[in-house]
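> TSV, C-alpha atoms and all ligand atoms, saved as query.tsv, coming up:
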chain	number	residue	atom	x	y	z
A	1	MET	CA	0.00	0.00	0.00
A	2	GLN	CA	1.39	3.41	-0.98
A	3	LEU	CA	0.88	6.01	1.73
A	4	ALA	CA	0.69	9.76	1.29
A	5	VAL	CA	3.48	11.30	3.31
A	6	ASP	CA	4.15	14.55	1.55
A	7	SER	CA	3.66	16.43	4.81
A	8	GLN	CA	3.95	15.64	8.46
A	9	ASP	CA	0.21	16.16	9.00
A	10	ALA	CA	-0.69	13.85	6.15
A	11	ALA	CA	1.66	11.20	7.49
A	12	GLU	CA	0.22	11.46	10.95
A	13	ALA	CA	-3.35	11.23	9.75
A	14	GLN	CA	-2.47	8.23	7.60
A	15	TYR	CA	-0.82	6.46	10.52
A	16	HIS	CA	-3.40	7.37	13.18
A	17	VAL	CA	-0.65	9.12	15.10
A	18	ALA	CA	-2.11	11.45	17.70
A	19	ARG	CA	-0.24	13.94	19.85
A	20	PRO	CA	-1.83	12.95	23.15
A	21	PRO	CA	-1.04	9.27	23.68
A	22	ARG	CA	-3.85	6.99	22.56
A	23	HIS	CA	-5.22	3.95	24.36
A	24	ASP	CA	-7.70	2.80	21.74
A	25	TRP	CA	-5.56	1.24	19.02
A	26	THR	CA	-7.31	-1.32	16.86
A	27	LEU	CA	-5.37	-4.32	15.63
A	28	GLU	CA	-6.04	-3.18	12.09
A	29	GLN	CA	-4.56	0.29	12.65
A	30	ALA	CA	-1.50	-1.09	14.40
A	31	ARG	CA	-0.93	-3.73	11.73
A	32	SER	CA	-1.14	-1.15	8.94
A	33	LEU	CA	1.35	1.02	10.80
A	34	TYR	CA	3.76	-1.90	11.31
A	35	GLY	CA	3.41	-2.89	7.65
A	36	ALA	CA	3.79	0.60	6.17
A	37	PRO	CA	6.67	1.30	3.76
A	38	PHE	CA	9.80	1.24	5.93
A	39	ASN	CA	10.77	4.86	5.18
A	40	ASP	CA	7.28	6.10	6.04
A	41	LEU	CA	7.26	4.14	9.29
A	42	LEU	CA	10.69	5.39	10.32
A	43	PHE	CA	9.87	8.97	9.38
A	44	ALA	CA	6.74	8.91	11.52
A	45	ALA	CA	8.48	7.17	14.44
A	46	HIS	CA	11.44	9.52	14.43
A	47	THR	CA	9.11	12.55	14.28
A	48	VAL	CA	7.21	11.29	17.31
A	49	HIS	CA	10.46	10.50	19.09
A	50	ARG	CA	11.90	13.98	18.54
A	51	ARG	CA	8.69	15.61	19.69
A	52	ASN	CA	8.87	13.84	23.04
A	53	PHE	CA	12.56	13.29	23.73
A	54	ASP	CA	16.04	14.58	23.09
A	55	ALA	CA	16.84	12.21	20.20
A	56	ASN	CA	20.55	12.04	21.08
A	57	ARG	CA	20.23	10.97	24.70
A	58	ILE	CA	19.87	7.40	25.89
A	59	GLN	CA	18.71	6.30	29.33
A	60	ILE	CA	21.12	3.80	30.89
A	61	SER	CA	19.90	0.96	33.10
A	62	ARG	CA	21.98	-1.75	34.71
A	63	LEU	CA	20.86	-5.26	35.58
A	64	LEU	CA	21.82	-7.61	38.37
A	65	SER	CA	20.57	-11.13	38.98
A	66	ILE	CA	19.96	-11.16	42.74
A	67	LYS	CA	18.70	-14.75	42.71
A	68	THR	CA	19.76	-16.96	39.85
A	69	GLY	CA	18.31	-20.18	38.40
A	70	GLY	CA	16.13	-23.00	39.72
A	71	CYS	CA	12.90	-21.25	38.68
A	72	VAL	CA	9.70	-23.33	38.75
A	73	GLU	CA	8.26	-21.59	35.67
A	74	ASP	CA	8.83	-23.11	32.21
A	75	CYS	CA	9.43	-20.02	30.02
A	76	GLY	CA	10.79	-21.55	26.80
A	77	TYR	CA	13.47	-18.88	26.32
A	78	CYS	CA	14.93	-18.82	29.82
A	79	SER	CA	18.26	-20.18	31.05
A	80	GLN	CA	16.95	-20.01	34.62
A	81	SER	CA	14.00	-22.39	34.36
A	82	ALA	CA	14.41	-25.65	36.30
A	83	HIS	CA	12.48	-27.32	33.45
A	84	HIS	CA	15.38	-26.88	31.02
A	85	ALA	CA	18.88	-28.35	31.00
A	86	SER	CA	20.74	-25.10	30.37
A	87	GLY	CA	23.57	-26.10	32.71
A	88	LEU	CA	23.13	-22.93	34.77
A	89	LYS	CA	24.08	-23.23	38.43
A	90	ALA	CA	21.31	-22.01	40.77
A	91	SER	CA	22.20	-19.69	43.61
A	92	LYS	CA	20.50	-18.22	46.67
A	93	LEU	CA	19.26	-14.68	47.18
A	94	MET	CA	22.29	-12.37	47.21
A	95	ALA	CA	23.36	-10.53	50.38
A	96	VAL	CA	22.21	-6.91	50.58
A	97	GLU	CA	25.76	-5.50	50.89
A	98	LYS	CA	26.89	-7.33	47.77
A	99	VAL	CA	23.97	-5.87	45.82
A	100	LEU	CA	24.82	-2.38	47.06
A	101	ASP	CA	28.49	-2.81	46.09
A	102	GLU	CA	27.42	-3.71	42.57
A	103	ALA	CA	24.95	-0.80	42.43
A	104	ARG	CA	27.68	1.65	43.49
A	105	LYS	CA	29.90	0.41	40.64
A	106	ALA	CA	27.01	0.73	38.17
A	107	LYS	CA	26.33	4.29	39.29
A	108	ALA	CA	30.01	5.19	38.89
A	109	GLU	CA	29.79	3.85	35.32
A	110	GLY	CA	26.83	6.12	34.46
A	111	ALA	CA	23.75	4.00	35.15
A	112	THR	CA	20.77	5.94	36.52
A	113	ARG	CA	18.45	2.98	37.07
A	114	TYR	CA	19.33	-0.23	38.88
A	115	CYS	CA	17.26	-3.29	37.95
A	116	MET	CA	17.35	-6.33	40.20
A	117	GLY	CA	15.98	-9.61	38.91
A	118	ALA	CA	15.09	-12.84	40.70
A	119	ALA	CA	14.30	-16.21	39.13
A	120	TRP	CA	11.04	-16.65	41.02
A	121	ARG	CA	7.44	-17.38	40.15
A	122	GLU	CA	6.70	-14.94	42.98
A	123	PRO	CA	8.58	-13.66	46.03
A	124	LYS	CA	8.30	-15.63	49.28
A	125	ALA	CA	7.37	-13.93	52.56
A	126	ARG	CA	10.72	-14.91	54.08
A	127	ASP	CA	12.64	-12.97	51.42
A	128	MET	CA	10.75	-9.69	51.65
A	129	ASP	CA	12.82	-8.03	54.40
A	130	GLN	CA	16.00	-8.57	52.35
A	131	ILE	CA	14.31	-7.27	49.20
A	132	VAL	CA	13.10	-4.16	51.02
A	133	ALA	CA	16.63	-3.51	52.34
A	134	MET	CA	18.00	-3.73	48.78
A	135	ILE	CA	15.47	-1.19	47.52
A	136	GLU	CA	16.16	1.21	50.38
A	137	GLY	CA	19.93	0.85	49.94
A	138	VAL	CA	19.90	1.45	46.18
A	139	LYS	CA	17.51	4.40	46.57
A	140	ALA	CA	19.90	5.89	49.11
A	141	LEU	CA	22.63	5.85	46.44
A	142	GLY	CA	20.47	8.24	44.39
A	143	MET	CA	19.51	5.76	41.68
A	144	GLU	CA	16.09	4.79	40.36
A	145	THR	CA	15.15	1.30	41.49
A	146	CYS	CA	13.55	-1.48	39.49
A	147	MET	CA	12.83	-5.07	40.43
A	148	THR	CA	11.52	-8.09	38.60
A	149	LEU	CA	10.50	-10.86	40.98
A	150	GLY	CA	7.66	-12.61	39.16
A	151	MET	CA	3.98	-12.36	40.13
A	152	LEU	CA	2.93	-10.08	42.96
A	153	GLY	CA	-0.02	-10.11	45.34
A	154	ASP	CA	-1.52	-6.83	46.56
A	155	ASP	CA	0.34	-6.88	49.88
A	156	ASP	CA	3.77	-7.47	48.33
A	157	ALA	CA	3.14	-4.79	45.72
A	158	ARG	CA	2.24	-2.29	48.43
A	159	ARG	CA	5.29	-3.25	50.45
A	160	LEU	CA	7.67	-2.78	47.52
A	161	SER	CA	6.11	0.55	46.69
A	162	LYS	CA	6.36	1.74	50.29
A	163	ALA	CA	10.04	0.75	50.35
A	164	GLY	CA	10.60	3.18	47.46
A	165	LEU	CA	10.61	0.86	44.44
A	166	ASP	CA	10.19	3.11	41.39
A	167	TYR	CA	9.61	0.50	38.67
A	168	TYR	CA	8.42	-3.07	38.50
A	169	ASN	CA	9.41	-5.09	35.41
A	170	HIS	CA	6.94	-7.74	34.35
A	171	ASN	CA	6.87	-8.58	30.64
A	172	ILE	CA	3.93	-9.90	28.67
A	173	ASP	CA	6.60	-11.27	26.31
A	174	THR	CA	4.41	-11.89	23.25
A	175	SER	CA	0.80	-11.85	22.03
A	176	GLU	CA	-1.94	-13.52	24.04
A	177	ARG	CA	-2.39	-15.90	21.09
A	178	TYR	CA	1.25	-17.08	21.07
A	179	TYR	CA	1.78	-17.01	24.84
A	180	ASN	CA	0.98	-20.66	25.48
A	181	ALA	CA	3.49	-21.80	22.88
A	182	VAL	CA	6.22	-20.25	25.03
A	183	ILE	CA	5.05	-20.58	28.64
A	184	THR	CA	2.57	-23.06	30.11
A	185	THR	CA	2.98	-22.56	33.87
A	186	ARG	CA	1.13	-19.22	33.95
A	187	THR	CA	-1.29	-17.34	31.74
A	188	PHE	CA	-1.21	-14.06	29.88
A	189	GLN	CA	-3.99	-12.91	32.22
A	190	ASP	CA	-1.77	-13.67	35.25
A	191	ARG	CA	0.73	-11.19	33.85
A	192	LEU	CA	-1.93	-8.51	33.32
A	193	ASP	CA	-3.24	-9.06	36.86
A	194	THR	CA	0.21	-8.42	38.37
A	195	LEU	CA	0.63	-5.31	36.21
A	196	GLU	CA	-2.65	-3.97	37.62
A	197	ARG	CA	-1.47	-4.57	41.18
A	198	VAL	CA	1.80	-2.77	40.44
A	199	ARG	CA	-0.17	0.25	39.19
A	200	ALA	CA	-2.63	0.15	42.06
A	201	ALA	CA	0.30	0.21	44.49
A	202	GLY	CA	1.63	3.37	42.80
A	203	MET	CA	4.72	2.01	41.03
A	204	LYS	CA	5.79	2.69	37.46
A	205	VAL	CA	5.51	-0.17	35.00
A	206	CYS	CA	8.30	-1.66	32.88
A	207	CYS	CA	6.68	-4.10	30.47
A	208	GLY	CA	7.61	-5.40	27.05
A	209	GLY	CA	8.53	-8.63	25.36
A	210	ILE	CA	10.86	-10.79	23.32
A	211	LEU	CA	11.07	-10.92	19.55
A	212	GLY	CA	12.43	-13.84	17.55
A	213	MET	CA	10.69	-16.67	19.41
A	214	GLY	CA	9.07	-17.97	16.22
A	215	GLU	CA	6.11	-15.60	16.54
A	216	GLY	CA	4.57	-13.91	13.52
A	217	ALA	CA	4.38	-10.20	12.72
A	218	ASN	CA	0.79	-10.12	13.97
A	219	ASP	CA	1.97	-11.46	17.34
A	220	ARG	CA	4.51	-8.66	17.62
A	221	VAL	CA	1.87	-6.07	16.74
A	222	ASP	CA	-0.80	-7.55	18.99
A	223	MET	CA	1.63	-7.48	21.92
A	224	LEU	CA	2.13	-3.75	21.31
A	225	VAL	CA	-1.64	-3.19	21.10
A	226	THR	CA	-2.05	-4.85	24.51
A	227	LEU	CA	0.62	-2.57	25.97
A	228	ALA	CA	-0.62	0.62	24.31
A	229	ASN	CA	-4.23	-0.01	25.30
A	230	LEU	CA	-3.46	-0.38	29.01
A	231	ALA	CA	-5.08	2.41	31.05
A	232	GLU	CA	-1.60	3.97	31.32
A	233	HIS	CA	1.28	3.16	29.01
A	234	PRO	CA	4.18	1.36	30.68
A	235	GLU	CA	6.77	4.03	31.40
A	236	SER	CA	9.43	1.62	30.09
A	237	VAL	CA	8.96	-0.84	27.25
A	238	PRO	CA	11.85	-3.30	26.95
A	239	ILE	CA	12.08	-4.94	23.53
A	240	ASN	CA	14.36	-7.98	23.79
A	241	LEU	CA	15.80	-9.95	20.89
A	242	LEU	CA	15.79	-13.61	21.88
A	243	ILE	CA	19.18	-14.78	23.13
A	244	PRO	CA	19.04	-18.46	22.18
A	245	ILE	CA	20.18	-20.51	25.17
A	246	ASP	CA	21.40	-24.09	24.71
A	247	GLY	CA	19.15	-26.59	26.46
A	248	THR	CA	16.01	-24.42	26.25
A	249	PRO	CA	13.11	-25.21	23.90
A	250	LEU	CA	13.85	-22.03	21.91
A	251	ALA	CA	17.57	-22.74	21.46
A	252	GLY	CA	17.08	-23.39	17.74
A	253	ALA	CA	14.69	-20.53	16.95
A	254	ALA	CA	15.44	-18.85	13.62
A	255	ARG	CA	16.99	-15.41	13.98
A	256	LEU	CA	14.49	-12.63	13.41
A	257	ASP	CA	14.98	-10.43	10.36
A	258	THR	CA	16.51	-7.09	11.39
A	259	ILE	CA	13.94	-5.05	9.48
A	260	GLU	CA	11.12	-6.77	11.40
A	261	PHE	CA	12.89	-5.95	14.66
A	262	VAL	CA	13.27	-2.27	13.72
A	263	ARG	CA	9.63	-2.13	12.59
A	264	THR	CA	8.60	-3.29	16.05
A	265	ILE	CA	10.69	-0.60	17.75
A	266	ALA	CA	9.24	2.10	15.46
A	267	THR	CA	5.68	0.91	16.00
A	268	ALA	CA	6.21	0.87	19.78
A	269	ARG	CA	7.57	4.44	19.64
A	270	ILE	CA	4.54	5.70	17.75
A	271	MET	CA	1.98	3.84	19.85
A	272	MET	CA	3.59	4.77	23.20
A	273	PRO	CA	5.11	8.16	22.37
A	274	ARG	CA	6.25	9.16	25.84
A	275	SER	CA	7.55	5.80	27.07
A	276	PHE	CA	11.17	4.79	27.21
A	277	VAL	CA	11.59	2.07	24.59
A	278	ARG	CA	14.52	-0.06	25.67
A	279	LEU	CA	16.75	-1.91	23.22
A	280	SER	CA	17.22	-4.74	25.70
A	281	ALA	CA	18.59	-8.28	25.44
A	282	GLY	CA	20.40	-9.44	22.33
A	283	ARG	CA	22.63	-6.46	21.57
A	284	THR	CA	25.79	-8.60	21.42
A	285	GLU	CA	24.37	-10.09	18.21
A	286	MET	CA	23.40	-6.72	16.73
A	287	THR	CA	25.68	-4.66	14.51
A	288	ASP	CA	26.26	-0.99	15.26
A	289	GLU	CA	24.17	-0.26	12.16
A	290	MET	CA	21.21	-2.25	13.48
A	291	GLN	CA	21.39	-0.48	16.83
A	292	ALA	CA	21.69	2.88	15.05
A	293	LEU	CA	18.49	2.13	13.11
A	294	CYS	CA	16.76	1.18	16.38
A	295	PHE	CA	17.80	4.47	18.00
A	296	PHE	CA	16.59	6.38	14.95
A	297	ALA	CA	13.29	4.49	15.13
A	298	GLY	CA	12.81	5.64	18.72
A	299	ALA	CA	14.65	3.31	21.09
A	300	ASN	CA	16.10	5.48	23.85
A	301	SER	CA	17.20	3.19	26.64
A	302	ILE	CA	19.66	0.31	26.98
A	303	PHE	CA	21.10	-2.04	29.55
A	304	ALA	CA	24.79	-1.25	29.98
A	305	GLY	CA	27.38	-3.58	31.46
A	306	ASP	CA	28.86	-6.80	30.15
A	307	ARG	CA	26.24	-9.00	31.80
A	308	LEU	CA	22.44	-9.01	31.68
A	309	LEU	CA	21.01	-11.53	34.16
A	310	THR	CA	22.86	-14.65	33.00
A	311	ALA	CA	23.77	-13.75	29.42
A	312	ASP	CA	26.43	-11.49	27.91
A	313	ASN	CA	25.88	-7.88	26.92
A	314	PRO	CA	28.26	-5.50	25.09
A	315	ASP	CA	31.00	-4.23	27.42
A	316	SER	CA	31.48	-0.57	28.30
A	317	ASP	CA	34.20	-0.08	25.65
A	318	ALA	CA	31.92	-1.35	22.90
A	319	ASP	CA	29.06	0.89	24.05
A	320	ALA	CA	31.34	3.92	24.43
A	321	ALA	CA	32.54	3.36	20.85
A	322	LEU	CA	28.94	2.99	19.62
A	323	PHE	CA	27.82	6.17	21.42
A	324	GLY	CA	30.87	7.97	19.99
A	325	ARG	CA	30.12	6.87	16.44
A	326	LEU	CA	26.50	7.99	16.74
A	327	GLY	CA	27.00	11.13	18.83
A	328	LEU	CA	24.78	9.78	21.59
A	329	SER	CA	25.15	10.59	25.29
A	330	PRO	CA	23.70	9.10	28.44
A	331	MET	CA	20.56	10.76	29.80
A	332	ALA	CA	20.95	12.30	33.22
A	333	LEU	CA	18.51	11.36	35.96
A	334	ASP	CA	17.28	14.95	36.18
A	335	ALA	CA	16.81	15.35	32.41
A	336	PRO	CA	13.47	16.96	31.53
A	337	GLU	CA	12.37	13.72	29.88
A	338	THR	CA	12.76	11.73	33.05
A	339	GLU	CA	10.81	14.29	35.07
A	340	HIS	CA	7.63	14.22	32.99
A	341	ASP	CA	4.65	12.60	34.50
A	342	ARG	CA	4.12	10.17	31.70
B	401	LIG	N1	11.28	-14.19	36.94
B	401	LIG	C1	10.88	-12.89	36.60
B	401	LIG	C2	9.87	-12.86	35.49
B	401	LIG	O1	9.88	-13.71	34.65
B	401	LIG	O2	9.07	-11.92	35.47
B	401	LIG	C3	12.01	-11.97	36.29
B	401	LIG	C4	13.19	-12.36	35.47
B	401	LIG	S1	12.96	-12.71	33.73
B	401	LIG	C5	14.50	-13.39	33.31
B	401	LIG	C6	12.82	-11.13	32.94
B	401	LIG	C7	12.58	-11.08	31.46
B	401	LIG	O3	13.79	-11.33	30.78
B	401	LIG	C8	11.62	-12.07	30.85
B	401	LIG	O4	10.29	-11.68	31.01
B	401	LIG	C9	12.03	-12.05	29.38
B	401	LIG	O5	11.28	-11.08	28.68
B	401	LIG	C10	13.51	-11.65	29.43
B	401	LIG	N2	14.36	-12.78	29.01
B	401	LIG	C11	14.66	-13.87	29.73
B	401	LIG	N3	15.45	-14.72	29.03
B	401	LIG	C12	15.66	-14.14	27.83
B	401	LIG	C13	16.39	-14.53	26.66
B	401	LIG	N4	17.04	-15.70	26.59
B	401	LIG	N5	16.40	-13.69	25.61
B	401	LIG	C14	15.74	-12.53	25.66
B	401	LIG	N6	15.03	-12.11	26.73
B	401	LIG	C15	14.98	-12.90	27.80
B	402	LIG	C1	13.88	-7.35	30.24
B	402	LIG	O1	12.92	-7.15	29.48
B	402	LIG	N1	15.05	-7.82	29.86
B	402	LIG	C2	15.92	-8.01	30.99
B	402	LIG	C3	15.11	-7.40	32.15
B	402	LIG	N2	13.85	-7.13	31.54
B	402	LIG	C4	14.97	-8.11	33.42
B	402	LIG	C5	16.39	-9.37	31.14
B	402	LIG	C6	17.10	-9.92	29.93
B	402	LIG	C7	17.57	-11.28	30.24
B	402	LIG	C8	18.39	-11.85	29.14
B	402	LIG	C9	18.81	-13.24	29.40
B	402	LIG	C10	19.70	-13.47	30.57
B	402	LIG	O2	20.54	-12.61	30.93
B	402	LIG	O3	19.56	-14.52	31.17
B	403	LIG	FE1	11.54	-17.95	35.83
B	403	LIG	FE2	11.43	-15.43	34.94
B	403	LIG	FE3	13.00	-17.27	33.71
B	403	LIG	FE4	10.37	-17.45	33.48
B	403	LIG	S1	11.66	-15.76	32.73
B	403	LIG	S2	11.77	-19.16	33.95
B	403	LIG	S3	9.68	-16.74	35.49
B	403	LIG	S4	13.23	-16.49	35.75
Hey, can you dump this file as structure tokens for me?


Amino acid sequence: MQLAVDSQDAAEAQYHVARPPRHDWTLEQARSLYGAPFNDLLFAAHTVHRRNFDANRIQISRLLSIKTGGCVEDCGYCSQSAHHASGLKASKLMAVEKVLDEARKAKAEGATRYCMGAAWREPKARDMDQIVAMIEGVKALGMETCMTLGMLGDDDARRLSKAGLDYYNHNIDTSERYYNAVITTRTFQDRLDTLERVRAAGMKVCCGGILGMGEGANDRVDMLVTLANLAEHPESVPINLLIPIDGTPLAGAARLDTIEFVRTIATARIMMPRSFVRLSAGRTEMTDEMQALCFFAGANSIFAGDRLLTADNPDSDADAALFGRLGLSPMALDAPETEHDR
């Protein structure tokens, strides 16, 4: 389909792009956006990006696995599931001081948000005091805090929020239709229920998914429609490229075409104009050129540091070289973008 894009207004009308964020995307609208000529899609996405953010600044988050492996869930992509023979050694919940040491190092290296992940279906009551101490300690360093601990009940959500947790990461991962092909030990609705509790408790939401798990384009789009039609857009939207892990059911998944990946980033940017769209897992397998296209399409956050939770990530030298080539700089915590009430 040829689209009329001889002016910004015409392009925006054609793509259903609205200045105030929308929460009423139809699948049809989102699919036509995703499938638009690549140049039209990127033009619209970059326009929206520039209107809402400084296009040359990237928010830097840092990850730490505070409890690794032995997870009872069966997520087909994950090295940490006890259902798969990934060879990963399970470990106990990390000591608070060790977490704070790592957070201090991350801050010194420019991270403004510290994300702590645990391989749990949900947190246990006996772990909550330690979790709260981690949140309070990282907050005291002057960093934003994020945790991802699996499903939450109302009481745990309130407790995390009261401790000062800024963000809770809980991904829907893919479309509702494809969900059961990837995970059978919980439902898509379970994920949405936890996201509602996170909101009700007053925390910001970090929610996205993984591309390259054998899903189709419509699954990628439908996932974005679910996110964009939430009552509030997630403040952070991590888009992960599957890191194939030996021993997991998705170890042999075919690599996703780069253009499809960039289309997803651009569509996310347009549909959730004020959210941070994070170019998350999988960057070690991306060229500088692919990452540059993602940043142009509206990605404006990354995980820095040579380790994600269990998998490798580009090291600080590689990222410094990338930022240098592209003229990008890290976003400060007090940047106007981070202060908006999104
Ligand atoms: N157990 C918690 C949960 O599942 O919510 C938190 C940790 S979990 C590892 C966080 C997210 O990392 C998952 O939802 C998934 O989107 C992403 N992830 C895990 N393994 C991945 C992989 N091999 N490649 C890409 N993304 C992955
Ligand atoms: C997210 O969407 N990606 C991060 C974070 N949220 C917790 C995790 C990526 C994990 C990649 C695989 C690994 O390190 O084991
Ligand atoms: Fe467990 Fe999270 Fe991995 Fe799923 S993604 S197996 S819930 S650690």

> Quick one, how far is atom CA of Arg325 of chain A from atom CA of Ala281 of chain A?

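Computing it gives 21.1 Å between the two atoms.
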
> Could you give me, as CSV, a per-residue list for chain A showing, wherever an atom lies at most 6 Å from an atom of ligand LIG 401 (chain B), the closest pair of atoms and their distance in Å to one decimal, using only C-alpha atoms and all ligand atoms and sorting by chain then residue number from low to high?


residue,atom,partner,partner_atom,distance
A:Tyr77,CA,B:LIG401,N4,4.8
A:Cys78,CA,B:LIG401,N3,4.2
A:Gly117,CA,B:LIG401,C4,5.2
A:Ala118,CA,B:LIG401,C3,5.4
A:Ala119,CA,B:LIG401,N1,4.2
A:Trp120,CA,B:LIG401,N1,4.8
A:Arg121,CA,B:LIG401,N1,5.9
A:Thr148,CA,B:LIG401,C3,4.5
A:Leu149,CA,B:LIG401,C1,4.8
A:Gly150,CA,B:LIG401,O2,4.0
A:His170,CA,B:LIG401,O2,4.8
A:Asn171,CA,B:LIG401,O4,4.6
A:Asp173,CA,B:LIG401,O5,5.2
A:Gly209,CA,B:LIG401,O5,5.0
A:Ile210,CA,B:LIG401,O5,5.4
A:Asn240,CA,B:LIG401,C14,5.1
A:Leu241,CA,B:LIG401,C14,5.4
A:Leu242,CA,B:LIG401,N5,3.8
A:Ile243,CA,B:LIG401,N5,3.9
A:Pro244,CA,B:LIG401,N4,5.6
A:Ile245,CA,B:LIG401,N4,5.9
A:Ala281,CA,B:LIG401,C14,5.1

> Collect all residues with atoms no farther than 6 Å from ligand LIG 402 (chain B), counting only C-alpha atoms and all ligand atoms, and output them as a ChimeraX atom specification.

/A:79,117,238,240,280-281,308-311

> Kindly indicate which residue among A:Thr26, A:Asn169, A:Asn39, A:Ser275 lies nearest to Ser301 of chain A, using all atoms listed in the file for the distances.

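Nearest to Ser301 of chain A: A:Ser275.
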
> Counting only C-alpha atoms, what is within 9 Å of Arg197 of chain A, bar same-chain residues fewer than 6 positions away, as a ChimeraX atom specification?

/A:152-154,157-158

> Rounded to one decimal place, report the atom CA of Met134 of chain A-atom CA of Gly164 of chain A distance in Å.

10.2 Å

> Between atom CA of Ile172 of chain A and atom CA of Cys206 of chain A, measure the distance and give it in Å to one decimal.

10.2 Å

> So that I can check the surroundings of Ile239 of chain A, please list as a ChimeraX atom specification every protein, DNA and RNA residue that reaches within 12 Å of it, counting all atoms listed in the file and ignoring chain neighbours fewer than 2 positions away.

/A:171-174,206-212,220,223-224,227,236-237,241-242,261-269,276-283,294,298-303

> Counting all atoms listed in the file, which residue out of A:Asp24, A:Asp156, A:Asp127, A:Asp190 sits closest to ligand LIG 403 (chain B)?

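For ligand LIG 403 (chain B), the nearest of the candidates is A:Asp190.
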
> Using only C-alpha atoms and all ligand atoms, can you tell me which of A:Met143, A:Glu102, A:Asp129, A:Thr184 comes closest to ligand LIG 403 (chain B)?

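Under the stated criterion, the closest residue is A:Thr184.
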
> If we count all atoms listed in the file, what is near Asn56 of chain A at a cut-off of 9 Å, once residues fewer than 4 positions away on the same chain are taken out, given as a list in words?

Phe295, Asn300, Leu326, Gly327, Leu328, Ser329, Pro330 and Met331 of chain A

> Nearest residue to ligand LIG 403 (chain B) out of A:Arg191, A:Arg31, A:Arg50, A:Lys204, using all atoms listed in the file?

A:Arg191

> Taking (29.6, -2.5, 20.0) in the file's coordinates as the center, which residues reach within 10 Å of it, counting all atoms listed in the file, put as a ChimeraX atom specification?

/A:283-289,291,313-323

> Of the candidates A:Ala106, A:Arg19, A:Met147, A:Gln130, which shows the shortest atom-to-atom distance to Asn52 of chain A, using only C-alpha atoms?

A:Arg19

> Give the answer as one residue: which of A:Lys92, A:Arg62, A:Arg186, A:Arg177 has the shortest atom-to-atom distance to ligand LIG 403 (chain B), using only C-alpha atoms and all ligand atoms?

A:Arg186

> Residues around (6.7, 0.0, 44.3), cut-off 10 Å, counting only C-alpha atoms - what are they as a ChimeraX atom specification?

/A:135,145-147,156-168,197-205

> Can I get segment 95-108 of chain A with N, CA and C atoms filled in, as a PDB file, in the coordinates of the input?


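Output (part-v4.pdb):
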ATOM      1  N   ALA A  95      23.330 -11.374  49.167  1.00  0.00           N
ATOM      2  CA  ALA A  95      23.360 -10.530  50.380  1.00  0.00           C
ATOM      3  C   ALA A  95      23.174  -9.068  49.993  1.00  0.00           C
ATOM      4  N   VAL A  96      22.530  -8.306  50.878  1.00  0.00           N
ATOM      5  CA  VAL A  96      22.210  -6.910  50.580  1.00  0.00           C
ATOM      6  C   VAL A  96      23.495  -6.111  50.285  1.00  0.00           C
ATOM      7  N   GLU A  97      24.534  -6.291  51.087  1.00  0.00           N
ATOM      8  CA  GLU A  97      25.760  -5.500  50.890  1.00  0.00           C
ATOM      9  C   GLU A  97      26.399  -5.744  49.526  1.00  0.00           C
ATOM     10  N   LYS A  98      26.319  -6.999  49.080  1.00  0.00           N
ATOM     11  CA  LYS A  98      26.890  -7.330  47.770  1.00  0.00           C
ATOM     12  C   LYS A  98      26.114  -6.601  46.659  1.00  0.00           C
ATOM     13  N   VAL A  99      24.794  -6.578  46.805  1.00  0.00           N
ATOM     14  CA  VAL A  99      23.970  -5.870  45.820  1.00  0.00           C
ATOM     15  C   VAL A  99      24.338  -4.382  45.814  1.00  0.00           C
ATOM     16  N   LEU A 100      24.507  -3.818  46.994  1.00  0.00           N
ATOM     17  CA  LEU A 100      24.820  -2.380  47.060  1.00  0.00           C
ATOM     18  C   LEU A 100      26.203  -2.077  46.487  1.00  0.00           C
ATOM     19  N   ASP A 101      27.160  -2.990  46.705  1.00  0.00           N
ATOM     20  CA  ASP A 101      28.490  -2.810  46.090  1.00  0.00           C
ATOM     21  C   ASP A 101      28.370  -2.746  44.573  1.00  0.00           C
ATOM     22  N   GLU A 102      27.588  -3.674  44.030  1.00  0.00           N
ATOM     23  CA  GLU A 102      27.420  -3.710  42.570  1.00  0.00           C
ATOM     24  C   GLU A 102      26.696  -2.456  42.079  1.00  0.00           C
ATOM     25  N   ALA A 103      25.706  -2.000  42.836  1.00  0.00           N
ATOM     26  CA  ALA A 103      24.950  -0.800  42.430  1.00  0.00           C
ATOM     27  C   ALA A 103      25.865   0.429  42.443  1.00  0.00           C
ATOM     28  N   ARG A 104      26.740   0.505  43.431  1.00  0.00           N
ATOM     29  CA  ARG A 104      27.680   1.650  43.490  1.00  0.00           C
ATOM     30  C   ARG A 104      28.555   1.665  42.229  1.00  0.00           C
ATOM     31  N   LYS A 105      29.053   0.488  41.844  1.00  0.00           N
ATOM     32  CA  LYS A 105      29.900   0.410  40.640  1.00  0.00           C
ATOM     33  C   LYS A 105      29.091   0.849  39.405  1.00  0.00           C
ATOM     34  N   ALA A 106      27.844   0.387  39.334  1.00  0.00           N
ATOM     35  CA  ALA A 106      27.010   0.730  38.170  1.00  0.00           C
ATOM     36  C   ALA A 106      26.785   2.229  38.102  1.00  0.00           C
ATOM     37  N   LYS A 107      26.555   2.838  39.264  1.00  0.00           N
ATOM     38  CA  LYS A 107      26.330   4.290  39.290  1.00  0.00           C
ATOM     39  C   LYS A 107      27.584   5.016  38.806  1.00  0.00           C
ATOM     40  N   ALA A 108      28.748   4.556  39.289  1.00  0.00           N
ATOM     41  CA  ALA A 108      30.010   5.190  38.890  1.00  0.00           C
ATOM     42  C   ALA A 108      30.216   5.080  37.374  1.00  0.00           C
TER      43      ALA A 108
END
